[in-house]
Structures are given as C-alpha cells and as structure tokens.
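To start, the structure under review is shown below, and the notes come after it.
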Amino acid sequence: MKFGIIKERKNPPDRRVVFSPEKLAQAKAQFPQAEFVVEASDIRVFPDEAYTAQGITVTDDVSDCDVLLGVKEVPIDALIPNKKYFFFSHTIKKQPYNRELLKAMLDQNIELFDHETIVKDNGARLIGFGRYAGLVGAYNGFRALGLRDDLFELPKVESLADLDAVKAELDKITLPNIKIVLSGTGKVALGAKEILDHLKIKQVSDVLYLTSQFTEPVYCMVDVMEYNRRIDGKVGEKYAFYNDPSGYESNFMPYAKETDMFIAGHFYGDGSPFLFTRGDAKDPDFRINLVADVSCDIDGPVASTIRPSTIADPFYGYDPHTESEVAYDADEAITVMAVDNLPCELPKDASEGFGDMFFEHVIPAFFNDDAKGILHRAQITTADGKLTERFGYLQDYVDGLD
C-alpha cells in the first residue's frame with residue numbers, strides 16, 4: 001500500500017502536515033510493507049529537503065498512491081478519482097460551503113475518511129489539533145490583554161519558532177490581578193490550561209471563585225454541568241445532557257459576574273443552551289471584558305463572537321449595548337479573540353503532535369484488518385460513490401434538500 005502526503009492547496013495557506021519527516025521515517029521503518037512519499041510543497045513547515053534527508057521520496061505526482069493524507073479541504077479540481085483521502089472535510093455538520101466538495105468525492109468514487117470522524121467506540125475523538133488551538137488561543141488572549149491595557153507586548157505566535165519560544169515570551173510578562181474562567185475539559189481546554197499553569201496562575205474551585213476576591217490572578221475551570229443546570233431544579237447529569245440538552249438552561253451568569261477574562265474551550269452541541277446571550281451581556285453586573293473564544297461558534301453560545309477573526313487581525317471589540325462590532329480597545333467593549341484556525345500559528349508543534357496520534361491510531365489499522373474499527377467508523381464515502389451507513393444522514397445534504 002502506498003501513502004502520499006499531499007500538498008496543502010487551500011487558501012489562506014496552511015503550513016501544517018500530517019507527518020513530520022522524523023515521524024514518516026518511523027512509519028517507514030515500522031511498516032516496511034508500506035511505501036510513503038511526499039508531494040513537493042513550498043509552503044509546508046518542513047521543507048522538502050527535510051523529508052529527502054530521512055530517505056523519503058519527494059515527488060510532484062502522487063497519482064499512483066492508494067491513500068492520500070492531508071490537513072485541510074482538497075480543492076475539487078485537485079481531487080484524484082478512486083483514491084482514499086484523509087483530511088478535515090468540514091461536511092459532517094452539513095456545512096453548506098462544502099456540499100459541492102462532498103458531491104464531487106461521491107461522483108469520483110473517492111473514499112473519504114475525515115480526521116474528525118476518527119473516534120473510539122464511544123465517539124471520543126482520537127486525533128486532532130485541539131491542544132494547539134487551546135495553547136495558541138490562551139496566549140492570544142493574554143496578548144490582547146497586554147495590548148489593550150498597555151501592560152506588555154507579546155509577539156504573534158506565528159513569528160515564534162515553536163511552543164518553547166511561546167512559553168519563553170510568557171515568562172517575560174507580569175499579569176494584573178484578574179479572574180479568569182476557562183470552559184471545557186477536553187483537549188482544547190487542557191491546551192489553554194497548559195498556558196495558565198505555565199504562567200503560574202492559581203487554580204481555584206468554582207465555589208471559591210464565585211464567592212471570593214483575590215490579591216493575585218486566579219482561574220477556574222468549569223465543565224458542562226457547572227455552566228448548565230436543569231430547568232426543573234433537579235441535579236443534572238453530564239451524559240444525559242449530551243443526549244438531550246433540551247431540559248437545561250445556562251448557569252453561566254454567576255461566573256460572568258465574577259470574571260474579567262473568559263477562555264472558551266468547550267464543545268458546543270446543537271440544541272445546548274447558550275453560555276451567555278446578547279441580553280446577558282447588557283446586564284450591569286456582567287463583568288467579562290475579554291473573551292478568547294477558542295471554540296469560535298459564530299452567533300452562538302458566546303454572544304460577543306459575532307464573526308471569526310484572522311491570524312493577521314486577531315482582535316475586535318463587541319459593544320454589548322449596540323450589539324455591534326467596534327475597535328478591540330474601545331471603551332466598554334468586550335475584546336474578542338476568535339481566530340478559527342489557531343493551530344496554523346504553531347505549525348511545527350501542531351504537525352508533530354498530530355502525527356504522533358495519527359501514527360498510533362490510524363496507520364496500524366491498515367495492517368491489522370482494522371481490528372479496532374477505526375477505519376470503519378471514520379469512513380464517510382465508499383468506493384462505489386455512496387455514503388456509508390453511519391453517515392447516511394448526509395444524503396439530503398448531498399441532494400441539496402437541506
């Protein structure tokens with residue numbers, strides 16, 4: 001079986017890659033029955049020469065590969081029929097902007113495996129860039145704080161070599177006495193927590209956070225059952241909430257009234273209550289004035305996130321009174337960081353971490369008859385141009401009926 005690492009062709013350019021040269025060399029050594037090649041690229045964080053130095057063939061033509069591995073969506077005109085593709089397709093939530101891409105893959109008998117659908121039996125994701133989104137998102141939040149309040153200047157992550165350099169910059173700053181709430185407990189939130197802990201910010205319980213003021217920066221990490229509650233007043237249960245959030249309402253306002261900076265690292269499921277609404281943000285006791293929205297759901301659970309921002313221009317302001325965008329440092333504005341492709345700012349570390357997970361969970365499945373069902377669960381389209389049973393719900397989306 002022949003695997004090809006494809007060139008990223010989506011704009012804006014993405015420098016990440018599924019495998020670093022060292023990890024690809026390890027795959028080659030551990031699976032001698034497989035062949036690995038790399039499509040030449042002038043944007044990838046690892047230059048072509050780094051792969052050839054590891055004995056990996058770099059080529060302009062990957063059309064003879066069986067499996068093609070990428071990160072972002074492949075443009076329709078670059079698809080090669082009758083192949084297996086792995087990339088983030090952004091189709092499983094029926095995203096309208098990629099309907100034609102999914103149709104094209106079905107028409108060309110392409111077997112699509114989405115990185116997002118590589119999951120355990122229980123649906124938990126096995127691979128992703130979540131940790132790096134959390135790391136960069138939290139850093140960017142502090143960068144916004146420093147610039148807005150004229151406290152310190154942190155350089156952009158994209159100008160730094162790696163995560164070690166990011167943390168070295170954080171070592172140079174002194175934070176004011178602020179209270180920070182971090183939502184979520186998954187990979188994104190844990191990445192953000194890594195930054196908070198590196199800054200030696202004290203973590204406190206939610207009870208203490210909600211009832212006390214402090215003489216040092218502190219943060220509180222809240223899970224879904226802390227910021228949601230049952231409408232009927234009974235005790236909520238996390239997995240019942242995941243299955244049916246309709247009987248719940250937001251319990252985030254107590255935190256919003258005690259928080260200066262909110263780092264949104266949660267996963268938001270369809271039908272779940274918003275954390276805070278535009279009306280909530282108008283409350284005179286609403287204290288949050290800076291949001292680092294790593295989750296970045298637009299016009300959704302975090303009312304101040306009205307659009308995604310960009311790596312080039314990462315901050316904007318939200319005026320809760322007019323419900324409109326203003327300058328990020330405007331008076332009474334909520335400063336918002338809502339970059340939706342944060343791991344792109346740390347391409348080397350993000351690629352290395354992603355490759356470790358892909359190597360552990362996915363590559364072996366090709367050579368052990370998919371013993372853990374990894375490929376079976378991840379596959380969206382088949383070699384005969386159909387949706388798999390697991391993703392049959394996308395048929396009306398493909399047909400243009402949704």
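Note on naming: chains are A, B, ... as they come in the structure tokens, residues start from 1 per chain, ligands start from 1 in the order shown.
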Hey, which bits of stretch 118-195 of chain A sit within 12 Å of stretch 226-230 of chain A, and for each residue what's the closest pair of atoms and how far apart in Å (one decimal), counting only C-alpha atoms, rows by chain and increasing number, as JSON lines?
{"residue": "A:Val181", "atom": "CA", "partner": "A:Tyr227", "partner_atom": "CA", "distance": 10.8}
{"residue": "A:Leu182", "atom": "CA", "partner": "A:Tyr227", "partner_atom": "CA", "distance": 10.9}
{"residue": "A:Ser183", "atom": "CA", "partner": "A:Tyr227", "partner_atom": "CA", "distance": 8.3}
{"residue": "A:Gly184", "atom": "CA", "partner": "A:Tyr227", "partner_atom": "CA", "distance": 9.8}
{"residue": "A:Thr185", "atom": "CA", "partner": "A:Glu226", "partner_atom": "CA", "distance": 11.5}
With all heavy atoms retained, export the selected residues as an mmCIF file, in the first residue's frame.
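Saved the output as out.cif:
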data_model
loop_
_atom_site.group_PDB
_atom_site.id
_atom_site.type_symbol
_atom_site.label_atom_id
_atom_site.label_comp_id
_atom_site.auth_asym_id
_atom_site.auth_seq_id
_atom_site.Cartn_x
_atom_site.Cartn_y
_atom_site.Cartn_z
ATOM 1 N N VAL A 181 -12.088 32.598 33.799
ATOM 2 C CA VAL A 181 -12.839 31.348 33.755
ATOM 3 C C VAL A 181 -12.524 30.654 32.438
ATOM 4 O O VAL A 181 -12.463 31.288 31.379
ATOM 5 C CB VAL A 181 -14.357 31.564 33.934
ATOM 6 C CG1 VAL A 181 -14.991 32.259 32.754
ATOM 7 C CG2 VAL A 181 -15.057 30.246 34.221
ATOM 8 N N LEU A 182 -12.273 29.352 32.517
ATOM 9 C CA LEU A 182 -11.961 28.509 31.358
ATOM 10 C C LEU A 182 -13.034 27.445 31.252
ATOM 11 O O LEU A 182 -13.214 26.645 32.171
ATOM 12 C CB LEU A 182 -10.578 27.872 31.530
ATOM 13 C CG LEU A 182 -10.200 26.725 30.579
ATOM 14 C CD1 LEU A 182 -10.200 27.193 29.127
ATOM 15 C CD2 LEU A 182 -8.827 26.146 30.961
ATOM 16 N N SER A 183 -13.756 27.419 30.137
ATOM 17 C CA SER A 183 -14.822 26.435 29.958
ATOM 18 C C SER A 183 -14.303 25.231 29.184
ATOM 19 O O SER A 183 -13.542 25.366 28.233
ATOM 20 C CB SER A 183 -16.015 27.057 29.224
ATOM 21 O OG SER A 183 -15.640 27.512 27.936
ATOM 22 N N GLY A 184 -14.750 24.036 29.630
ATOM 23 C CA GLY A 184 -14.379 22.803 28.954
ATOM 24 C C GLY A 184 -13.384 21.978 29.731
ATOM 25 O O GLY A 184 -12.706 22.480 30.645
ATOM 26 N N THR A 185 -13.282 20.716 29.360
ATOM 27 C CA THR A 185 -12.318 19.800 29.992
ATOM 28 C C THR A 185 -11.629 18.909 28.962
ATOM 29 O O THR A 185 -10.919 17.983 29.336
ATOM 30 C CB THR A 185 -13.022 18.907 31.035
ATOM 31 O OG1 THR A 185 -14.106 18.210 30.405
ATOM 32 C CG2 THR A 185 -13.564 19.724 32.193
#
What are the closest atom pairs, with distances in Å to one decimal, for each residue of stretch 273-323 of chain A lying within 12 Å of stretch 235-257 of chain A, using only C-alpha atoms, rows by chain and rising residue number, as CSV?
residue,atom,partner,partner_atom,distance
A:Pro273,CA,A:Glu249,CA,5.5
A:Phe274,CA,A:Ser250,CA,6.4
A:Leu275,CA,A:Phe252,CA,5.6
A:Phe276,CA,A:Phe252,CA,6.7
A:Thr277,CA,A:Ser250,CA,9.6
A:Gly279,CA,A:Met253,CA,11.2
A:Asp280,CA,A:Met253,CA,7.5
A:Ala281,CA,A:Ala256,CA,8.8
A:Lys282,CA,A:Ala256,CA,11.5
A:Asp283,CA,A:Lys257,CA,9.1
A:Pro284,CA,A:Lys257,CA,9.1
A:Asp285,CA,A:Lys257,CA,5.6
A:Phe286,CA,A:Lys257,CA,4.8
A:Arg287,CA,A:Lys257,CA,5.0
A:Ile288,CA,A:Ala256,CA,5.8
A:Asn289,CA,A:Ala256,CA,9.6
A:Leu290,CA,A:Ala256,CA,11.0
A:Val291,CA,A:Ala256,CA,11.0
A:Pro301,CA,A:Ser250,CA,9.7
A:Val302,CA,A:Phe252,CA,10.5
Export of prior selection with N, CA and C atoms as an mmCIF file, in the first residue's frame:
data_model
loop_
_atom_site.group_PDB
_atom_site.id
_atom_site.type_symbol
_atom_site.label_atom_id
_atom_site.label_comp_id
_atom_site.auth_asym_id
_atom_site.auth_seq_id
_atom_site.Cartn_x
_atom_site.Cartn_y
_atom_site.Cartn_z
ATOM 1 N N PRO A 273 -27.953 25.067 25.583
ATOM 2 C CA PRO A 273 -28.173 26.477 25.928
ATOM 3 C C PRO A 273 -26.938 27.311 25.591
ATOM 4 N N PHE A 274 -27.161 28.562 25.210
ATOM 5 C CA PHE A 274 -26.050 29.492 25.033
ATOM 6 C C PHE A 274 -25.430 29.760 26.402
ATOM 7 N N LEU A 275 -24.105 29.961 26.448
ATOM 8 C CA LEU A 275 -23.489 30.310 27.724
ATOM 9 C C LEU A 275 -23.957 31.685 28.168
ATOM 10 N N PHE A 276 -23.791 32.685 27.283
ATOM 11 C CA PHE A 276 -24.401 33.976 27.585
ATOM 12 C C PHE A 276 -24.933 34.598 26.301
ATOM 13 N N THR A 277 -26.048 35.260 26.421
ATOM 14 C CA THR A 277 -26.734 35.861 25.284
ATOM 15 C C THR A 277 -26.386 37.346 25.171
ATOM 16 N N GLY A 279 -28.499 39.642 25.505
ATOM 17 C CA GLY A 279 -29.184 40.259 26.630
ATOM 18 C C GLY A 279 -28.389 40.146 27.916
ATOM 19 N N ASP A 280 -27.783 38.976 28.140
ATOM 20 C CA ASP A 280 -26.949 38.794 29.330
ATOM 21 C C ASP A 280 -25.805 39.799 29.363
ATOM 22 N N ALA A 281 -25.205 40.042 28.202
ATOM 23 C CA ALA A 281 -24.049 40.949 28.139
ATOM 24 C C ALA A 281 -24.422 42.388 28.460
ATOM 25 N N LYS A 282 -25.717 42.707 28.381
ATOM 26 C CA LYS A 282 -26.172 44.057 28.728
ATOM 27 C C LYS A 282 -26.364 44.238 30.234
ATOM 28 N N ASP A 283 -26.383 43.137 30.962
ATOM 29 C CA ASP A 283 -26.612 43.208 32.409
ATOM 30 C C ASP A 283 -25.539 44.090 33.055
ATOM 31 N N PRO A 284 -25.916 45.033 33.893
ATOM 32 C CA PRO A 284 -24.913 45.927 34.502
ATOM 33 C C PRO A 284 -23.887 45.196 35.366
ATOM 34 N N ASP A 285 -24.218 43.985 35.814
ATOM 35 C CA ASP A 285 -23.274 43.210 36.627
ATOM 36 C C ASP A 285 -22.393 42.282 35.788
ATOM 37 N N PHE A 286 -22.617 42.268 34.465
ATOM 38 C CA PHE A 286 -21.796 41.431 33.574
ATOM 39 C C PHE A 286 -20.384 42.002 33.547
ATOM 40 N N ARG A 287 -19.412 41.220 33.974
ATOM 41 C CA ARG A 287 -18.063 41.736 34.219
ATOM 42 C C ARG A 287 -17.055 41.381 33.127
ATOM 43 N N ILE A 288 -17.301 40.355 32.350
ATOM 44 C CA ILE A 288 -16.327 39.900 31.351
ATOM 45 C C ILE A 288 -16.028 41.019 30.361
ATOM 46 N N ASN A 289 -14.750 41.322 30.174
ATOM 47 C CA ASN A 289 -14.370 42.349 29.204
ATOM 48 C C ASN A 289 -13.366 41.847 28.170
ATOM 49 N N LEU A 290 -13.031 40.550 28.259
ATOM 50 C CA LEU A 290 -12.122 39.963 27.274
ATOM 51 C C LEU A 290 -12.502 38.499 27.088
ATOM 52 N N VAL A 291 -12.716 38.103 25.834
ATOM 53 C CA VAL A 291 -13.076 36.729 25.508
ATOM 54 C C VAL A 291 -12.079 36.159 24.511
ATOM 55 N N PRO A 301 -23.151 30.332 21.211
ATOM 56 C CA PRO A 301 -23.221 30.288 22.678
ATOM 57 C C PRO A 301 -22.474 31.402 23.394
ATOM 58 N N VAL A 302 -21.551 32.068 22.703
ATOM 59 C CA VAL A 302 -20.820 33.199 23.276
ATOM 60 C C VAL A 302 -21.221 34.422 22.466
#
#### Entry: Per-residue DSSP, stretch 103-336 of chain A, filtered to strand (DSSP E), as a VMD selection string
chain A and resid 111 to 114 179 to 183 202 to 203 218 to 222 228 to 230 248 to 250 261 to 264 290 to 293 315 to 319 324 to 326 334 to 336
### Message
As an exercise, work out the distance from atom CA of A:Lys179 to atom CA of A:Gly141 in Å and give it to one decimal place.
### Response
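The value is 13.2 Å.
Residues in contact with stretch 310-325 of chain A at up to 8 Å, not including ones fewer than 5 positions away on its chain and judged by only C-alpha atoms, are Ala144, Arg278, Ala281, Lys282, Ser304, Thr305, Ala330, Glu332, Ala333, Ile334, Thr335, Val336, Met337, Ala338, Val339, Asp340, Asn341, Leu342 and Glu345 of chain A.
Proximity of A:Pro176, A:Gly55, A:Leu190, A:His198 to A:Thr215, computed with only C-alpha atoms, is greatest for A:Pro176.
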### Message
Can you pull out the residues contacting stretch 369-381 of chain A? Cut-off 8 Å, using only C-alpha atoms, and skip same-chain residues under 4 positions away; I want them as an MDAnalysis selection string.
### Response
chainID A and resid 105:106 109:115 117:120 361:362 364:365 385:388 390:391
